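Q: Would you mind keeping the following structure in view while I ask a few things?
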Amino acid sequence: MMIQKALHSAHWSALAAICLLAIPAVSVAGNPTSKPKMPAAPRGAAKVRPQFLRDIAPILDRKGCSTAGCHGKFGGRGGFQLSLLTLAPADDFDPIVRGARGRRVNLLEPDKSLVLQKALGNLSHAGGQRFADGSFEHQTIRNWIANGAPFNPETDAKLTALTVTPPQVMLPKVGAKFNIKVIATFSDGTREDVTQDASYESSDTAIATVETGGQVTGRRWGGTGLVVRYLGEVRPVFMTLPRADTTPYPQQPAGNVVDKLVLANLKKLNVTPSRLTSDTEFLRRVSLDLRGKQPTTNEITTFTADKAADKRSQIIDAYLASDDYTDIRTLRMGDLLRIHPERMGGNFTGQRSAALFSEWIRDAIAENRPYNEIVQQIIIARGSTLQVGPANFYKIDRAPEDRMETVAQAFLGQRMACARCHKHPFDKWSTDDYWNFAAFMGKVGTRGGTVEGEEFLVYEPGGNVINQSVTGKRGRVALPTLLGEKQPLAIANIQAKPGMEPDVLDAFAKWCTAPDNTFFARATVNRLWSHYLGRGIVHPVDDMRVTTPVAVPGLLEALSKELIESNFDIRHVTKLILNSRTYQTAAEPNATNTLDDKFFSRFYPRPMLGQVFLDVLNDATGSQERFGDYPVDTKAKQLSLPVGSYFMDTFGRSHREFLAELEPKLEPTLVQTLHILNSAYVNNKLRDGNGVVAELIKNTKLSDAQRVDALYLRTFCRLPDASEKAAVMKVVDAASNKAEVLQDLLWALVAAREFTFIS
Amino acid sequence: MDRESLNSNACAEYNQVSRRQLMTSGVKVGVLSALGIGLTDYFQMAQAMPKGIDSGKATSVVLLWLGGGPSHIDTWDPKPDAPSEIRGDFKPLNTKADGIQISEHFPMIGQQMDKLSLIRSMTTGEAAHERGTHYMMTGFQPIPGFGVPSFGSVASHYLKGKGALPPYIAVPSPVMYGGAGFLGAALDPFSPDADPNNPGFRVRDMDLPDGMTAERMDRRKSLRATVDGLFSTLDKASDRSKTVNSFYERAYGLLASAEARAAFDINQERPEVRDAYGRTQVGQSLLLARRLVEGGVRFVTVQSGGWDTHAGAFNYLKGGPMPALDRALATFTNDLAQRGLLEKTLIVVMGEFGRTPQINRDGGRDHHARCFSVALGGGGISGGKVVGASDARGFEPAERPVKPEDLSATIYKALGIDYTESLTSPEGVRVTLSRGGRHLHELIG
């Protein structure tokens, strides 16, 4: 035991303390739907013969003893360490009974036990009084100690199932309450109402709060999840609360399959979607999202003049067929996979690898190859890293477990990292799940190539991964097991090619991308949705735990179905999303939805990727920029290798270093502001001799009013309204140097949020 | 990474790191705040009285980063009795602090050793540049897929900045892993991105671009307000776009603040003072750091590379980096003391690791993370002390091993930040400021 603790500590130095997730989630061990065998006994007075697991351990959790701030903290507190949030209750017996040279429990004089004296507040205790003299907790622990503080890990009753009701609740109004009920079933067949013993947490206390004993109170309109935890098991309860408003809910147009689900949810919440975007708002948004560039003045004029009823859908089709779309999608995939020369060996080799892999991705996207095929080909890639693009995937991460984490997070929406060392505190994954899944990646072998920097990827049938967790099957060879399966993959059942070993990796890749793999389809559509709507249906997009609240019920399933039925056609699902009224909703809030930041009742404005923003700025100002040795007309979004750029780094370009950094930082900063305000780099674009202001001045036929219109079109992709025009013309008319005042106007336009945001 | 650090003696990994930093001059950023520790939150936090603050003596920290990993034996922990293949070329030197010997090439620092203390049993086990840097700059070993905030970002999260200057500044450019990680870009360091030792030193983007007048800047400001007006209809919904305008207000405030500009204006120092610090990048950077601390900046990192001495170490060190550091650090320490700033300013001098006791066949030393030294002073830290000791060969801690967690606890303790507090990432991951570390009670009460 002591050795195990020590090992645990050593490993925790890398990961553990950060793995305390405050966001609730679920564990689905046990069988919550099992039929009751006998009525659950309600909780009464303290038991005469309490058991350690069933009766003592829950107190440690419920009374906050095992939180990360107290004894659950890495290294414990006051020399007393418990498992974090009582996730491994059996491990807590030793520290309580044998730790501190046995002073924590006093079998002869139970009342003198330190655990009681401290928790009652009779002795100095940093955590203060945790329960009162004579309370249920006090009596329970006292009785247990008086009985000799027994615990037999083999024979004591263990938790076999946990049922939490109701799974979801709609509260009628603010201030309304409901009670969660928790029933536990133990290995001795007993069933117990443990509502009073479980711990509760709210994911968003602005929406709902929950008290000891499971009473939930609605605080404001919206939706959130509540997490119930008992003896290391976690279950969710989802709740919604509609906006209070007696105005009749306005009739909404039907829309497509996406809209039906989004609108049904909004109606339930009594929130009205914002107005539809104007043509110019829509065109700018869809052009930036699909092409990474603004519509030209001609494109704007043509589109607004077009009388066709389906012109929006036509433009979506046209943009999806453009090379610009391929560029943007390649950029996104590169961010997702972290294709970067420094991640792939550095120097020439790394550049070669990154470029080759990027080109391969680009071709796959240009040909609209089914997404599941693309991912499969990446996972099973073999051959020379100098010849086979996807073979370079395994250069990005080297250790089998890192490779597995990337596959799980990028393609399956599962963050596995916590389960590397210990049971995932808030997801179902155990350390065995983690290492057995990582075992597949042990089959990826590498051989040195003939040319410098070349590697050959081969199938390594004997490649093993050792379980390196701190509990469970530590030190043993992990057996390749698909995520969520209890039994290892039956290798014997795999059809092997004549004269070849059965290819486990091939089976793994097929499983990952199979139509019935709900992880894959859901993760794919969720990520796609977030690219266009600015937020996942489940959020964060790569952390799709079962307990995370889903913003729009049914939407992930509906989009997954479309993805699968279209044979994993990303363009098809994208079309569906972009043609929805939901995507085409304005950013401007109405009277009902200013507080909405996750139900998609309005469009959430967001900054552009650094690369796109630079291209857009160059287009708007009419400046040319050459990137490294790339051909003159290469755009920033097309760069397959990173070219040094303070501007792009400052405005958010992914360094493709961290797994969770699938998106670059797209946050406003002081440094960005100063760069726009004062840098020669930006200022030179405004006063470029071949730039837009210079061109407008050269054209003597134009009036200043026309020049102002032209600048608005170049930047905001719309004409100024009457009051804007009047205010701007006042400044322009007053200026003697027209070129300078127009440069200043252009600066104001590119510094304004209507330009810097996709809105 | 400074311009001196591309060093022919350094290992390829280090040069690659250096080049990357030169190229991007950016900090590593961690997990995108997808849920968004929004800037709104940041400003609210900045206004609220932060939790977890008690009274610390230090109000500022200057962290001098010796990138590449200085040899502990050749600097702070001489081994005169070790065999020559370990001892090296340098002789020990008695200092103003009784019983403390340091390298003969630190004579000026020797005279300040009553104000500085040494940890001679620092140990991390992370002997690769990137991993070692991460551990030493954040107090955490690298965590895959997770951006841990650096000391400077954490300090500026808890301690409100004073005046118009940003609370966290990196001179001349950010140290790798010196960023805010999950705390969000608002707590990344601000950097002049220029070497204060250059005659034409100018803070990046702090001055008007060429040909621009104050009148035109005003016109731009008012035109921006005009054309940005319609977008303000979105401000009533809580969008991150709203925070952009707060940054314009801050930026205009910074540009308009004479004090803030003066703090960066190193030319206001008398030439004798500049000479005293040494006309080197590290010298002038420390001088600038002193001005910034006087201006109310909470945390300054000063980056000085060139310590990755795999080959020809001794002539190189005594011919450049060591005399420059000697003059710069000694003058800086003394200057702070004379100005009454030393009590309030914590000085930390360190790199990502030490170097192998055994001299290699190229006359250099390689990476060594099992035992190395860190110098500390000011900010309530007692001077003239040594914490821990290395063994006779400088290979392992002989007593009192000190981990980066203990160092982070000491830094936070000096600033009055409760290091058992935790921060929560946007995904809900809770991070204790110092994981299991204890502050060095020998140095700080």
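Scheme for the structure tokens: letters A, B, ... for chains in order shown; per-chain residue numbers from 1; ligand numbers from 1 in order shown.
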Could you make a table, as CSV, of the residues of stretch 167-245 of chain B that have an atom within 9 Å of an atom of stretch 281-294 of chain B, each with its nearest atom pair and distance in Å to one decimal, counting only C-alpha atoms, in chain and number order?

A:
```
residue,atom,partner,partner_atom,distance
B:Ile169,CA,B:Leu292,CA,8.3
B:Ala170,CA,B:Ala289,CA,9.0
B:Val171,CA,B:Ser285,CA,6.1
B:Pro172,CA,B:Ser285,CA,6.7
B:Asp195,CA,B:Gln281,CA,6.4
B:Pro196,CA,B:Gln284,CA,5.6
B:Asn197,CA,B:Gln281,CA,5.2
B:Asn198,CA,B:Gln281,CA,8.2
```

Q: If you run DSSP over the backbone, which residues in stretch 111-155 of chain B end up alpha helix (DSSP H)? Put them as a PyMOL selection string.

A: chain B and resi 129-138+151-155

Q: Compare B:Tyr277, B:Ser156, B:Ala389, B:Thr432 by their minimum atom-to-atom distance to A:Gly72, counting only C-alpha atoms, and give me the closest one.

A: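 Distance minimum relative to A:Gly72 lands on B:Thr432.
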
Q: What lies within 6 Å of B:Gly139 using only C-alpha atoms, ignoring chain neighbours under 4 positions off, as a VMD selection string?

A: chain B and resid 135 404 to 405 408

Q: If we count only C-alpha atoms, what is near A:Ala514 at a cut-off of 12 Å, once residues fewer than 3 positions away on the same chain are taken out, given as a PDB file with C-alpha atoms, in the first residue's frame?

A:
```
ATOM      1  CA  PRO A 370     -15.064  10.743 -47.556  1.00  0.00           C
ATOM      2  CA  TYR A 371     -13.830  11.964 -44.187  1.00  0.00           C
ATOM      3  CA  ASN A 372     -13.841   8.512 -42.602  1.00  0.00           C
ATOM      4  CA  GLU A 373     -11.577   7.305 -45.392  1.00  0.00           C
ATOM      5  CA  VAL A 375      -8.935   9.445 -41.136  1.00  0.00           C
ATOM      6  CA  GLN A 376      -8.575   5.714 -41.769  1.00  0.00           C
ATOM      7  CA  PHE A 411     -11.173  12.176 -34.096  1.00  0.00           C
ATOM      8  CA  LEU A 412     -13.334  10.803 -31.289  1.00  0.00           C
ATOM      9  CA  ASP A 506      -6.395  -1.929 -39.548  1.00  0.00           C
ATOM     10  CA  ALA A 507      -9.221  -3.171 -37.339  1.00  0.00           C
ATOM     11  CA  PHE A 508      -8.610  -0.231 -35.016  1.00  0.00           C
ATOM     12  CA  ALA A 509      -8.792   2.310 -37.858  1.00  0.00           C
ATOM     13  CA  LYS A 510     -11.971   0.742 -39.242  1.00  0.00           C
ATOM     14  CA  TRP A 511     -13.578   0.763 -35.805  1.00  0.00           C
ATOM     15  CA  ASN A 517     -19.000   4.469 -34.058  1.00  0.00           C
ATOM     16  CA  THR A 518     -20.967   7.272 -32.452  1.00  0.00           C
ATOM     17  CA  PHE A 519     -17.847   8.895 -31.028  1.00  0.00           C
ATOM     18  CA  PHE A 520     -16.495   9.553 -34.503  1.00  0.00           C
ATOM     19  CA  ALA A 521     -19.592  10.915 -36.203  1.00  0.00           C
ATOM     20  CA  ARG A 522     -20.613  13.034 -33.233  1.00  0.00           C
ATOM     21  CA  SER A 560     -24.375  12.527 -37.504  1.00  0.00           C
ATOM     22  CA  LEU A 563     -22.847  12.651 -42.218  1.00  0.00           C
ATOM     23  CA  ILE A 564     -23.169   8.876 -42.268  1.00  0.00           C
ATOM     24  CA  ASN A 567     -20.955   8.676 -46.878  1.00  0.00           C
ATOM     25  CA  PHE A 568     -19.035  11.091 -44.666  1.00  0.00           C
TER      26      PHE A 568
END
```
